[in-house]
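Asker: Structure supplied as final_21.txt; contents: compact mmCIF, C-alpha atoms.
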# COMPACT_ATOMS: atom_id res chain seq x y z
CA MET A 1 69.34 75.70 60.77
CA ALA A 2 72.95 75.91 59.64
CA LEU A 3 73.18 79.38 61.19
CA ALA A 4 71.70 78.12 64.47
CA ARG A 5 74.34 75.41 64.59
CA VAL A 6 77.08 77.99 64.09
CA LEU A 7 75.64 80.20 66.81
CA GLU A 8 75.34 77.34 69.26
CA ARG A 9 78.82 76.02 68.68
CA PRO A 10 80.90 76.94 71.73
CA GLU A 11 83.58 79.46 70.96
CA PRO A 12 86.96 77.71 70.81
CA HIS A 13 89.40 78.41 73.63
CA SER A 14 91.93 79.90 71.24
CA LYS A 15 89.41 82.62 70.25
CA ARG A 16 88.79 83.49 73.89
CA ARG A 17 92.50 83.72 74.63
CA LEU A 18 92.99 85.87 71.56
CA ARG A 19 90.20 88.16 72.72
CA LEU A 20 91.79 88.39 76.16
CA TRP A 21 95.06 89.46 74.57
CA LEU A 22 93.31 92.08 72.44
CA ARG A 23 91.57 93.47 75.53
CA LEU A 24 94.81 93.52 77.48
CA TYR A 25 96.63 95.23 74.66
CA GLY A 26 93.77 97.69 74.11
CA ALA A 27 93.47 98.67 77.78
CA THR A 28 97.23 99.16 78.11
CA SER A 29 97.37 101.18 74.88
CA VAL A 30 94.69 103.60 76.06
CA ILE A 31 96.44 104.26 79.36
CA GLU A 32 99.90 104.38 77.78
CA ARG A 33 98.79 106.92 75.18
CA GLU A 34 97.37 109.17 77.91
CA MET A 35 100.49 108.71 79.99
CA ARG A 36 102.81 109.72 77.16
CA ARG A 37 100.70 112.85 76.77
CA PHE A 38 100.81 113.57 80.50
CA LEU A 39 104.59 113.09 80.73
CA ARG A 40 105.14 115.32 77.71
CA THR A 41 102.86 118.16 78.77
CA ASP A 42 103.58 118.17 82.50
CA PHE A 43 107.24 117.12 82.60
CA ALA A 44 108.52 117.58 79.05
CA THR A 45 109.73 114.01 79.19
CA THR A 46 109.03 110.67 77.51
CA LEU A 47 107.87 107.27 78.72
CA PRO A 48 111.23 105.56 77.97
CA ARG A 49 113.06 108.24 79.99
CA PHE A 50 110.62 107.91 82.89
CA ASP A 51 110.86 104.14 82.75
CA LEU A 52 114.66 104.20 82.76
CA MET A 53 114.79 106.60 85.71
CA ALA A 54 112.31 104.34 87.57
CA ALA A 55 114.62 101.36 87.07
CA LEU A 56 117.58 103.37 88.39
CA GLU A 57 115.61 104.61 91.37
CA ARG A 58 115.14 101.01 92.47
CA ALA A 59 118.90 100.34 92.12
CA PRO A 60 120.82 102.90 94.20
CA GLU A 61 124.12 101.16 93.39
CA GLY A 62 123.53 101.77 89.71
CA LEU A 63 123.04 99.39 86.80
CA THR A 64 125.19 98.37 83.86
CA MET A 65 123.84 99.13 80.40
CA GLY A 66 123.03 95.44 79.94
CA GLU A 67 121.06 95.29 83.19
CA LEU A 68 119.20 98.46 82.21
CA SER A 69 118.18 97.02 78.84
CA ARG A 70 116.78 93.93 80.49
CA ARG A 71 114.84 95.86 83.13
CA LEU A 72 113.21 98.36 80.82
CA MET A 73 109.62 97.57 80.02
CA VAL A 74 109.29 100.03 77.17
CA SER A 75 110.41 98.53 73.91
CA GLY A 76 111.83 100.54 71.07
CA GLY A 77 113.68 102.90 73.34
CA ASN A 78 117.38 102.91 72.60
CA VAL A 79 119.02 102.64 76.02
CA THR A 80 122.31 104.17 74.91
CA SER A 81 120.72 107.31 73.52
CA ILE A 82 118.30 107.69 76.44
CA VAL A 83 121.19 107.46 78.93
CA ALA A 84 123.19 109.98 76.90
CA GLY A 85 120.26 112.42 76.96
CA LEU A 86 119.73 112.04 80.71
CA GLU A 87 123.47 112.47 81.29
CA ARG A 88 123.46 115.71 79.29
CA ASP A 89 120.59 116.93 81.47
CA GLY A 90 122.55 116.10 84.64
CA LEU A 91 119.99 113.49 85.75
CA VAL A 92 122.22 110.41 85.57
CA CYS A 93 125.95 109.80 85.77
CA ARG A 94 128.24 106.91 84.88
CA ARG A 95 130.86 105.58 87.22
CA SER A 96 133.25 102.65 87.49
CA PRO A 97 134.09 101.07 90.84
CA ALA A 98 137.81 101.17 91.73
CA SER A 99 137.72 97.37 91.89
CA ASP A 100 136.59 97.02 88.29
CA ARG A 101 137.54 99.89 86.06
CA ARG A 102 136.19 98.19 82.96
CA THR A 103 132.57 98.01 84.11
CA SER A 104 130.55 101.19 84.01
CA TYR A 105 127.42 101.73 86.10
CA VAL A 106 124.67 104.23 85.39
CA ALA A 107 123.06 105.84 88.44
CA LEU A 108 120.75 108.74 89.19
CA THR A 109 122.44 111.96 90.31
CA GLU A 110 120.96 113.77 93.32
CA GLN A 111 119.21 116.07 90.91
CA GLY A 112 117.94 113.08 88.94
CA ARG A 113 116.59 111.40 92.06
CA ALA A 114 114.78 114.56 93.16
CA ALA A 115 113.32 115.02 89.67
CA PHE A 116 112.17 111.40 89.58
CA VAL A 117 110.56 111.50 93.02
CA ALA A 118 108.57 114.59 92.02
CA MET A 119 107.45 112.97 88.76
CA ALA A 120 106.59 109.66 90.45
CA ARG A 121 104.37 111.43 92.97
CA GLU A 122 102.42 113.17 90.20
CA HIS A 123 102.34 109.96 88.18
CA GLU A 124 100.70 108.11 91.08
CA ARG A 125 98.16 110.89 91.54
CA TRP A 126 97.44 110.86 87.81
CA ILE A 127 96.89 107.08 87.63
CA ASP A 128 94.68 107.31 90.70
CA GLN A 129 92.48 109.81 88.85
CA LEU A 130 92.47 107.90 85.58
CA LEU A 131 91.31 104.72 87.31
CA ALA A 132 89.10 106.48 89.87
CA GLU A 133 85.91 104.82 88.60
CA VAL A 134 87.26 101.28 88.87
CA ALA A 135 85.76 99.57 91.95
CA ASP A 136 88.21 98.61 94.70
CA GLU A 137 87.38 94.93 94.45
CA ASP A 138 87.99 95.02 90.69
CA VAL A 139 91.37 96.67 91.29
CA GLU A 140 92.30 93.82 93.65
CA ALA A 141 90.95 91.08 91.37
CA LEU A 142 92.68 92.48 88.28
CA THR A 143 95.98 92.95 90.10
CA ASP A 144 96.01 89.31 91.19
CA LEU A 145 94.82 87.89 87.87
CA LEU A 146 97.39 89.91 85.92
CA ALA A 147 100.22 88.75 88.16
CA GLU A 148 99.14 85.17 87.47
CA LEU A 149 98.83 85.80 83.73
CA LYS A 150 102.25 87.41 83.50
CA HIS A 151 103.84 84.61 85.48
CA LYS A 152 102.29 81.90 83.30
CA ALA A 153 103.11 83.63 80.02
CA GLU A 154 106.71 84.14 81.14
CA ALA A 155 107.09 80.52 82.20
CA ARG A 156 105.68 79.36 78.89
CA ALA A 157 107.90 81.69 76.88
CA GLU A 158 110.97 80.61 78.81
CA ALA A 159 110.15 76.96 78.29
CA GLY A 160 110.65 77.82 74.62
CA ARG A 161 107.90 75.55 73.42
CA LEU A 162 106.22 78.29 71.43
CA ARG A 163 106.33 77.03 67.91
CA MET B 1 105.42 100.14 117.97
CA ALA B 2 105.88 102.77 115.29
CA LEU B 3 106.69 100.04 112.78
CA ALA B 4 103.59 98.07 113.76
CA ARG B 5 101.48 101.17 113.14
CA VAL B 6 103.00 101.58 109.70
CA LEU B 7 102.38 97.93 108.85
CA GLU B 8 98.79 98.07 110.00
CA ARG B 9 97.97 101.24 108.15
CA PRO B 10 95.80 100.33 105.16
CA GLU B 11 97.50 100.90 101.86
CA PRO B 12 96.09 104.03 100.18
CA HIS B 13 93.90 103.50 97.13
CA SER B 14 96.30 105.42 94.92
CA LYS B 15 99.05 102.88 95.69
CA ARG B 16 96.79 99.98 94.75
CA ARG B 17 95.79 101.64 91.48
CA LEU B 18 99.41 102.36 90.72
CA ARG B 19 100.26 98.71 91.37
CA LEU B 20 97.44 97.62 89.08
CA TRP B 21 98.84 99.80 86.31
CA LEU B 22 102.34 98.40 86.80
CA ARG B 23 100.97 94.84 86.62
CA LEU B 24 98.96 95.64 83.51
CA TYR B 25 101.95 97.26 81.87
CA GLY B 26 104.26 94.43 82.92
CA ALA B 27 101.96 91.65 81.65
CA THR B 28 101.43 93.41 78.33
CA SER B 29 105.16 94.07 77.96
CA VAL B 30 106.06 90.40 78.43
CA ILE B 31 103.57 89.23 75.81
CA GLU B 32 104.37 92.08 73.43
CA ARG B 33 108.09 91.36 73.59
CA GLU B 34 107.47 87.68 72.76
CA MET B 35 105.09 88.65 69.99
CA ARG B 36 107.57 91.00 68.35
CA ARG B 37 110.04 88.13 68.39
CA PHE B 38 107.48 85.71 66.93
CA LEU B 39 106.46 88.11 64.13
CA ARG B 40 110.09 88.78 63.28
CA THR B 41 111.27 85.18 63.22
CA ASP B 42 108.20 83.55 61.66
CA PHE B 43 106.96 86.27 59.33
CA ALA B 44 109.86 88.71 58.98
CA THR B 45 107.45 91.46 59.98
CA THR B 46 106.92 93.92 62.80
CA LEU B 47 104.13 94.57 65.28
CA PRO B 48 103.20 97.98 63.77
CA ARG B 49 102.91 96.36 60.31
CA PHE B 50 100.79 93.52 61.67
CA ASP B 51 98.63 95.96 63.61
CA LEU B 52 98.09 98.17 60.56
CA MET B 53 97.14 95.20 58.37
CA ALA B 54 94.71 94.04 61.09
CA ALA B 55 93.00 97.45 61.03
CA LEU B 56 92.69 97.27 57.23
CA GLU B 57 91.35 93.74 57.34
CA ARG B 58 88.43 94.98 59.41
CA ALA B 59 87.75 97.79 56.89
CA PRO B 60 87.31 96.28 53.41
CA GLU B 61 86.45 99.71 51.98
CA GLY B 62 89.82 101.02 53.06
CA LEU B 63 90.78 103.72 55.53
CA THR B 64 92.17 107.22 55.16
CA MET B 65 95.58 107.88 56.70
CA GLY B 66 93.87 109.84 59.48
CA GLU B 67 91.52 106.97 60.29
CA LEU B 68 94.45 104.54 60.26
CA SER B 69 96.43 106.63 62.74
CA ARG B 70 93.51 106.74 65.14
CA ARG B 71 92.85 102.99 64.94
CA LEU B 72 96.40 101.83 65.45
CA MET B 73 97.12 100.61 68.92
CA VAL B 74 100.87 100.55 68.58
CA SER B 75 102.38 103.90 69.36
CA GLY B 76 105.59 105.12 67.88
CA GLY B 77 104.93 103.56 64.51
CA ASN B 78 104.97 106.13 61.74
CA VAL B 79 101.84 105.36 59.70
CA THR B 80 103.14 107.02 56.54
CA SER B 81 106.32 105.01 56.42
CA ILE B 82 104.61 101.74 57.38
CA VAL B 83 102.07 102.21 54.58
CA ALA B 84 104.85 103.03 52.12
CA GLY B 85 106.70 99.83 53.07
CA LEU B 86 103.57 97.67 52.74
CA GLU B 87 102.80 99.31 49.39
CA ARG B 88 106.29 98.51 48.12
CA ASP B 89 105.73 94.88 49.14
CA GLY B 90 102.43 94.79 47.24
CA LEU B 91 100.40 94.20 50.42
CA VAL B 92 98.38 97.43 50.39
CA CYS B 93 97.29 99.90 47.72
CA ARG B 94 95.95 103.42 47.76
CA ARG B 95 92.92 104.48 45.80
CA SER B 96 90.62 107.47 45.46
CA PRO B 97 86.90 107.07 44.78
CA ALA B 98 85.70 108.71 41.55
CA SER B 99 83.35 110.81 43.66
CA ASP B 100 86.15 112.31 45.71
CA ARG B 101 89.48 112.42 43.96
CA ARG B 102 91.15 114.32 46.78
CA THR B 103 90.66 111.65 49.44
CA SER B 104 92.92 108.64 49.31
CA TYR B 105 92.06 105.33 50.96
CA VAL B 106 94.50 102.63 51.94
CA ALA B 107 93.27 99.04 51.52
CA LEU B 108 94.74 95.54 51.56
CA THR B 109 95.49 94.04 48.15
CA GLU B 110 94.39 90.44 47.54
CA GLN B 111 97.94 89.37 48.27
CA GLY B 112 97.91 91.46 51.45
CA ARG B 113 94.66 89.94 52.64
CA ALA B 114 95.93 86.41 52.05
CA ALA B 115 99.18 87.18 53.85
CA PHE B 116 97.32 88.70 56.79
CA VAL B 117 94.88 85.79 57.10
CA ALA B 118 97.80 83.34 57.24
CA MET B 119 99.60 85.43 59.87
CA ALA B 120 96.43 85.94 61.93
CA ARG B 121 95.82 82.19 62.06
CA GLU B 122 99.33 81.55 63.37
CA HIS B 123 99.06 84.50 65.72
CA GLU B 124 95.91 83.02 67.27
CA ARG B 125 97.57 79.63 67.64
CA TRP B 126 100.61 81.28 69.19
CA ILE B 127 98.60 83.28 71.77
CA ASP B 128 96.64 80.14 72.59
CA GLN B 129 99.90 78.40 73.44
CA LEU B 130 101.39 81.33 75.34
CA LEU B 131 98.31 81.56 77.57
CA ALA B 132 97.65 77.81 77.70
CA GLU B 133 98.15 77.60 81.47
CA VAL B 134 95.64 80.34 82.29
CA ALA B 135 92.42 78.77 83.61
CA ASP B 136 89.30 79.29 81.48
CA GLU B 137 87.45 81.11 84.23
CA ASP B 138 90.39 83.47 84.67
CA VAL B 139 90.39 84.17 80.93
CA GLU B 140 86.71 85.11 81.13
CA ALA B 141 87.08 87.18 84.30
CA LEU B 142 90.11 89.07 82.98
CA THR B 143 88.46 89.75 79.62
CA ASP B 144 85.43 91.30 81.31
CA LEU B 145 87.39 93.26 83.90
CA LEU B 146 89.75 94.66 81.27
CA ALA B 147 86.85 95.80 79.07
CA GLU B 148 85.46 97.64 82.08
CA LEU B 149 88.85 99.14 82.96
CA LYS B 150 89.47 100.34 79.41
CA HIS B 151 86.01 101.84 79.17
CA LYS B 152 86.38 103.71 82.46
CA ALA B 153 89.87 104.98 81.72
CA GLU B 154 88.75 106.20 78.29
CA ALA B 155 85.71 107.98 79.70
CA ARG B 156 87.87 109.65 82.32
CA ALA B 157 90.51 110.69 79.80
CA GLU B 158 87.88 112.08 77.45
CA ALA B 159 86.26 114.04 80.24
CA GLY B 160 89.60 115.86 80.35
CA ARG B 161 89.61 116.22 84.09
CA LEU B 162 93.05 114.71 84.44
CA ARG B 163 95.08 117.49 85.95
In structure tokens, what does this structure look like?

Answerer:
Amino acid sequence: MALARVLERPEPHSKRRLRLWLRLYGATSVIEREMRRFLRTDFATTLPRFDLMAALERAPEGLTMGELSRRLMVSGGNVTSIVAGLERDGLVCRRSPASDRRTSYVALTEQGRAAFVAMAREHERWIDQLLAEVADEDVEALTDLLAELKHKAEARAEAGRLR
Amino acid sequence: MALARVLERPEPHSKRRLRLWLRLYGATSVIEREMRRFLRTDFATTLPRFDLMAALERAPEGLTMGELSRRLMVSGGNVTSIVAGLERDGLVCRRSPASDRRTSYVALTEQGRAAFVAMAREHERWIDQLLAEVADEDVEALTDLLAELKHKAEARAEAGRLR
């Protein structure tokens, strides 16, 4: 009787939201782990490096170190050391505009851009294969729902009422 | 005319799957970043520590280091050093069963379990607030779709046909 009452009690909303987060985190972790492996074996590179080059590819004028930090999605990567490594490999360069010698911008070199474009093509092909079994309508539904989720979580976090 | 043709051309499936991955990664990154902040400010702890304690909480008998590594979702965390830190703080202990002195199991101490339960309660409350604006039906739909996505990506990755 007591057990039946427990089983019938509707699950609280907080438990469902927690489960959603665990699913989100779990799904991302599986793909991310495979992607790190793919980037390492096929391109001898890392996810933070790939991520940083992707941010630069979308900003042909270059980005300051501060802008780069904010745009990177991968946490834990140290922007300064990643930029230094890419610079050593000739994939990025730093430059200061004549109008503002104190600000330094990081940008892809021609070699860096070519390397990124080649990686990005393979990356797209790889994701396409990894998610090949997901139905088209589920891809659409998930894409929309995740945009909404991200937007709402960001708004909530920015409102700073999370205590 | 040429532009109109480009605009009308249906977007290839690979592009849509890539966009889904970027949304998934972006949504997770936003929440993860806020969560790292929350764990740091409210519990002076880190996501890898929290994650490791969560894995141990689900395994009262303890886990070997190998099992722990496989169950952790956070990448980049060094299991050995996280366990050593938690052991120093009295939150986990290592023990070997009398029947097999060579295998060592990591388990939560009583203090560790109590600390985790308190954190997990706040963590659930925090996620509930962060996702408060997401409609209930979207929570359900996303939870189901993400389980499906994770399952399919895992099956594909295990089949090892990703080249």

Asker: For chain A, work out the contacting residues on chain B at 8 Å, counting all atoms listed in the file, and write them as a PyMOL selection string.

Answerer: chain B and resi 13-21+23-31+33-34+73-75+124-131+133-134+136+138-140+142-143+145-150+152-154+156-157+162-163

Asker: My list of candidates is B:Gly112, B:Gly66, B:Pro60, B:Pro12. Which is closest to Val79 of chain B when distances are computed with all atoms listed in the file?

Answerer: B:Gly66

Asker: Could you name the residues that touch segment 101-103 of chain A at 9 Å or less, counting only C-alpha atoms, but leaving out those on the same chain fewer than 5 positions away, as an MDAnalysis selection string?

Answerer: chainID A and resid 64 95:96

Asker: Over every C-alpha pair, in sequence order, do a least-squares fit of chain B onto chain A and save the fitted chain as a CSV table (one decimal) with C-alpha atoms, in the coordinates of the input.

Answerer:
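Contents of out.csv, freshly written:
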chain,number,residue,atom,x,y,z
B,1,MET,CA,69.2,75.7,60.9
B,2,ALA,CA,72.8,75.9,59.8
B,3,LEU,CA,73.1,79.4,61.3
B,4,ALA,CA,71.6,78.2,64.6
B,5,ARG,CA,74.3,75.4,64.7
B,6,VAL,CA,77.0,78.0,64.2
B,7,LEU,CA,75.6,80.2,66.9
B,8,GLU,CA,75.3,77.4,69.4
B,9,ARG,CA,78.8,76.1,68.7
B,10,PRO,CA,80.9,77.0,71.7
B,11,GLU,CA,83.6,79.5,70.9
B,12,PRO,CA,87.0,77.7,70.8
B,13,HIS,CA,89.5,78.4,73.6
B,14,SER,CA,92.0,79.9,71.2
B,15,LYS,CA,89.5,82.6,70.2
B,16,ARG,CA,88.8,83.5,73.9
B,17,ARG,CA,92.5,83.7,74.6
B,18,LEU,CA,93.0,85.9,71.5
B,19,ARG,CA,90.2,88.2,72.7
B,20,LEU,CA,91.8,88.4,76.1
B,21,TRP,CA,95.1,89.5,74.5
B,22,LEU,CA,93.4,92.1,72.4
B,23,ARG,CA,91.6,93.5,75.5
B,24,LEU,CA,94.8,93.5,77.5
B,25,TYR,CA,96.6,95.3,74.6
B,26,GLY,CA,93.8,97.7,74.1
B,27,ALA,CA,93.5,98.7,77.8
B,28,THR,CA,97.2,99.2,78.1
B,29,SER,CA,97.4,101.2,74.9
B,30,VAL,CA,94.7,103.6,76.0
B,31,ILE,CA,96.5,104.3,79.4
B,32,GLU,CA,99.9,104.4,77.8
B,33,ARG,CA,98.8,106.9,75.2
B,34,GLU,CA,97.4,109.2,77.9
B,35,MET,CA,100.5,108.7,80.0
B,36,ARG,CA,102.8,109.7,77.2
B,37,ARG,CA,100.7,112.8,76.8
B,38,PHE,CA,100.8,113.6,80.5
B,39,LEU,CA,104.6,113.1,80.7
B,40,ARG,CA,105.1,115.3,77.7
B,41,THR,CA,102.9,118.2,78.8
B,42,ASP,CA,103.6,118.2,82.5
B,43,PHE,CA,107.2,117.1,82.6
B,44,ALA,CA,108.5,117.6,79.0
B,45,THR,CA,109.7,114.0,79.2
B,46,THR,CA,109.0,110.7,77.5
B,47,LEU,CA,107.9,107.3,78.7
B,48,PRO,CA,111.2,105.6,78.0
B,49,ARG,CA,113.0,108.2,80.0
B,50,PHE,CA,110.6,107.9,82.9
B,51,ASP,CA,110.8,104.1,82.7
B,52,LEU,CA,114.6,104.2,82.8
B,53,MET,CA,114.8,106.6,85.7
B,54,ALA,CA,112.3,104.3,87.6
B,55,ALA,CA,114.6,101.4,87.1
B,56,LEU,CA,117.6,103.4,88.4
B,57,GLU,CA,115.6,104.6,91.4
B,58,ARG,CA,115.1,101.0,92.5
B,59,ALA,CA,118.9,100.3,92.1
B,60,PRO,CA,120.8,102.9,94.2
B,61,GLU,CA,124.1,101.1,93.4
B,62,GLY,CA,123.5,101.8,89.7
B,63,LEU,CA,123.0,99.4,86.8
B,64,THR,CA,125.2,98.3,83.9
B,65,MET,CA,123.8,99.1,80.4
B,66,GLY,CA,123.0,95.4,80.0
B,67,GLU,CA,121.0,95.3,83.2
B,68,LEU,CA,119.2,98.5,82.2
B,69,SER,CA,118.2,97.0,78.8
B,70,ARG,CA,116.8,93.9,80.5
B,71,ARG,CA,114.8,95.8,83.1
B,72,LEU,CA,113.2,98.3,80.8
B,73,MET,CA,109.6,97.6,80.0
B,74,VAL,CA,109.3,100.0,77.1
B,75,SER,CA,110.4,98.5,73.9
B,76,GLY,CA,111.8,100.5,71.1
B,77,GLY,CA,113.7,102.9,73.3
B,78,ASN,CA,117.4,102.9,72.6
B,79,VAL,CA,119.0,102.6,76.0
B,80,THR,CA,122.3,104.2,74.9
B,81,SER,CA,120.7,107.3,73.5
B,82,ILE,CA,118.3,107.7,76.5
B,83,VAL,CA,121.2,107.5,78.9
B,84,ALA,CA,123.2,110.0,76.9
B,85,GLY,CA,120.3,112.4,77.0
B,86,LEU,CA,119.7,112.0,80.7
B,87,GLU,CA,123.5,112.5,81.3
B,88,ARG,CA,123.5,115.7,79.3
B,89,ASP,CA,120.6,116.9,81.5
B,90,GLY,CA,122.5,116.1,84.7
B,91,LEU,CA,120.0,113.5,85.8
B,92,VAL,CA,122.2,110.4,85.6
B,93,CYS,CA,126.0,109.8,85.8
B,94,ARG,CA,128.2,106.9,84.9
B,95,ARG,CA,130.8,105.6,87.2
B,96,SER,CA,133.2,102.6,87.5
B,97,PRO,CA,134.1,101.0,90.8
B,98,ALA,CA,137.8,101.2,91.7
B,99,SER,CA,137.7,97.4,91.9
B,100,ASP,CA,136.6,97.0,88.3
B,101,ARG,CA,137.5,99.9,86.1
B,102,ARG,CA,136.2,98.2,83.0
B,103,THR,CA,132.5,98.0,84.1
B,104,SER,CA,130.5,101.2,84.0
B,105,TYR,CA,127.4,101.7,86.1
B,106,VAL,CA,124.6,104.2,85.4
B,107,ALA,CA,123.0,105.8,88.5
B,108,LEU,CA,120.7,108.7,89.2
B,109,THR,CA,122.4,111.9,90.3
B,110,GLU,CA,120.9,113.7,93.3
B,111,GLN,CA,119.2,116.1,90.9
B,112,GLY,CA,117.9,113.1,89.0
B,113,ARG,CA,116.6,111.4,92.1
B,114,ALA,CA,114.8,114.5,93.2
B,115,ALA,CA,113.3,115.0,89.7
B,116,PHE,CA,112.1,111.4,89.6
B,117,VAL,CA,110.5,111.5,93.0
B,118,ALA,CA,108.5,114.6,92.0
B,119,MET,CA,107.4,113.0,88.8
B,120,ALA,CA,106.6,109.7,90.4
B,121,ARG,CA,104.3,111.4,93.0
B,122,GLU,CA,102.4,113.2,90.2
B,123,HIS,CA,102.3,110.0,88.2
B,124,GLU,CA,100.7,108.1,91.1
B,125,ARG,CA,98.1,110.9,91.5
B,126,TRP,CA,97.4,110.9,87.8
B,127,ILE,CA,96.9,107.1,87.6
B,128,ASP,CA,94.7,107.3,90.7
B,129,GLN,CA,92.5,109.8,88.8
B,130,LEU,CA,92.5,107.9,85.6
B,131,LEU,CA,91.3,104.7,87.3
B,132,ALA,CA,89.1,106.5,89.8
B,133,GLU,CA,85.9,104.8,88.6
B,134,VAL,CA,87.2,101.3,88.8
B,135,ALA,CA,85.8,99.6,91.9
B,136,ASP,CA,88.2,98.6,94.7
B,137,GLU,CA,87.4,94.9,94.4
B,138,ASP,CA,88.0,95.0,90.7
B,139,VAL,CA,91.4,96.7,91.3
B,140,GLU,CA,92.3,93.8,93.6
B,141,ALA,CA,91.0,91.1,91.3
B,142,LEU,CA,92.7,92.5,88.2
B,143,THR,CA,96.0,93.0,90.1
B,144,ASP,CA,96.0,89.3,91.2
B,145,LEU,CA,94.9,87.9,87.9
B,146,LEU,CA,97.4,89.9,85.9
B,147,ALA,CA,100.3,88.7,88.1
B,148,GLU,CA,99.2,85.2,87.5
B,149,LEU,CA,98.9,85.8,83.7
B,150,LYS,CA,102.3,87.4,83.5
B,151,HIS,CA,103.9,84.6,85.5
B,152,LYS,CA,102.3,81.9,83.3
B,153,ALA,CA,103.1,83.7,80.0
B,154,GLU,CA,106.7,84.2,81.1
B,155,ALA,CA,107.1,80.5,82.2
B,156,ARG,CA,105.7,79.4,78.9
B,157,ALA,CA,107.9,81.7,76.9
B,158,GLU,CA,111.0,80.7,78.8
B,159,ALA,CA,110.2,77.0,78.3
B,160,GLY,CA,110.7,77.8,74.6
B,161,ARG,CA,108.0,75.6,73.4
B,162,LEU,CA,106.3,78.3,71.4
B,163,ARG,CA,106.4,77.0,67.9

Asker: Any idea what the distance is between atom CA of Arg49 of chain B and atom CA of Asp89 of chain B?

Answerer: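 It comes out at 11.6 Å.
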
Asker: By how many Å are atom CA of Arg71 of chain A and atom CA of Met35 of chain A apart?

Answerer: 19.5 Å

Asker: List as a compact mmCIF listing (two decimals) with C-alpha atoms, in the frame of the given file the protein and nucleic acid residues near Glu87 of chain A, meaning an atom at most 10 Å away when all atoms listed in the file are counted, but skip any in the same chain fewer than 3 places from it.

Answerer:
# COMPACT_ATOMS: atom_id res chain seq x y z
CA SER A 81 120.72 107.31 73.52
CA ILE A 82 118.30 107.69 76.44
CA VAL A 83 121.19 107.46 78.93
CA ALA A 84 123.19 109.98 76.90
CA GLY A 90 122.55 116.10 84.64
CA LEU A 91 119.99 113.49 85.75
CA VAL A 92 122.22 110.41 85.57
CA CYS A 93 125.95 109.80 85.77
CA ARG A 94 128.24 106.91 84.88
CA VAL A 106 124.67 104.23 85.39
CA ALA A 107 123.06 105.84 88.44
CA LEU A 108 120.75 108.74 89.19
CA THR A 109 122.44 111.96 90.31
CA GLY A 112 117.94 113.08 88.94

Asker: Enter the distance from atom CA of Ala120 of chain B to atom CA of Leu52 of chain B, in Å, rounded to one decimal.

Answerer: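 Atom CA of Ala120 of chain B sits 12.4 Å away from atom CA of Leu52 of chain B.
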
Asker: Return the padded bounding box of segment 55-61 of chain A as AutoDock Vina command-line options: axis-aligned, built from all atoms listed in the file, 4 Å added on each side, with centre and edge lengths in Å to one decimal.

Answerer:
--center_x 119.4 --center_y 102.5 --center_z 90.6 --size_x 17.5 --size_y 12.3 --size_z 15.1

Asker: Pick out the closest residue to Asn78 of chain A from this set: A:Met65, A:Thr45, A:Tyr105, A:Phe116. Count only C-alpha atoms.

Answerer: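 Between A:Met65, A:Thr45, A:Tyr105, A:Phe116, the residue approaching Asn78 of chain A most closely is A:Met65.
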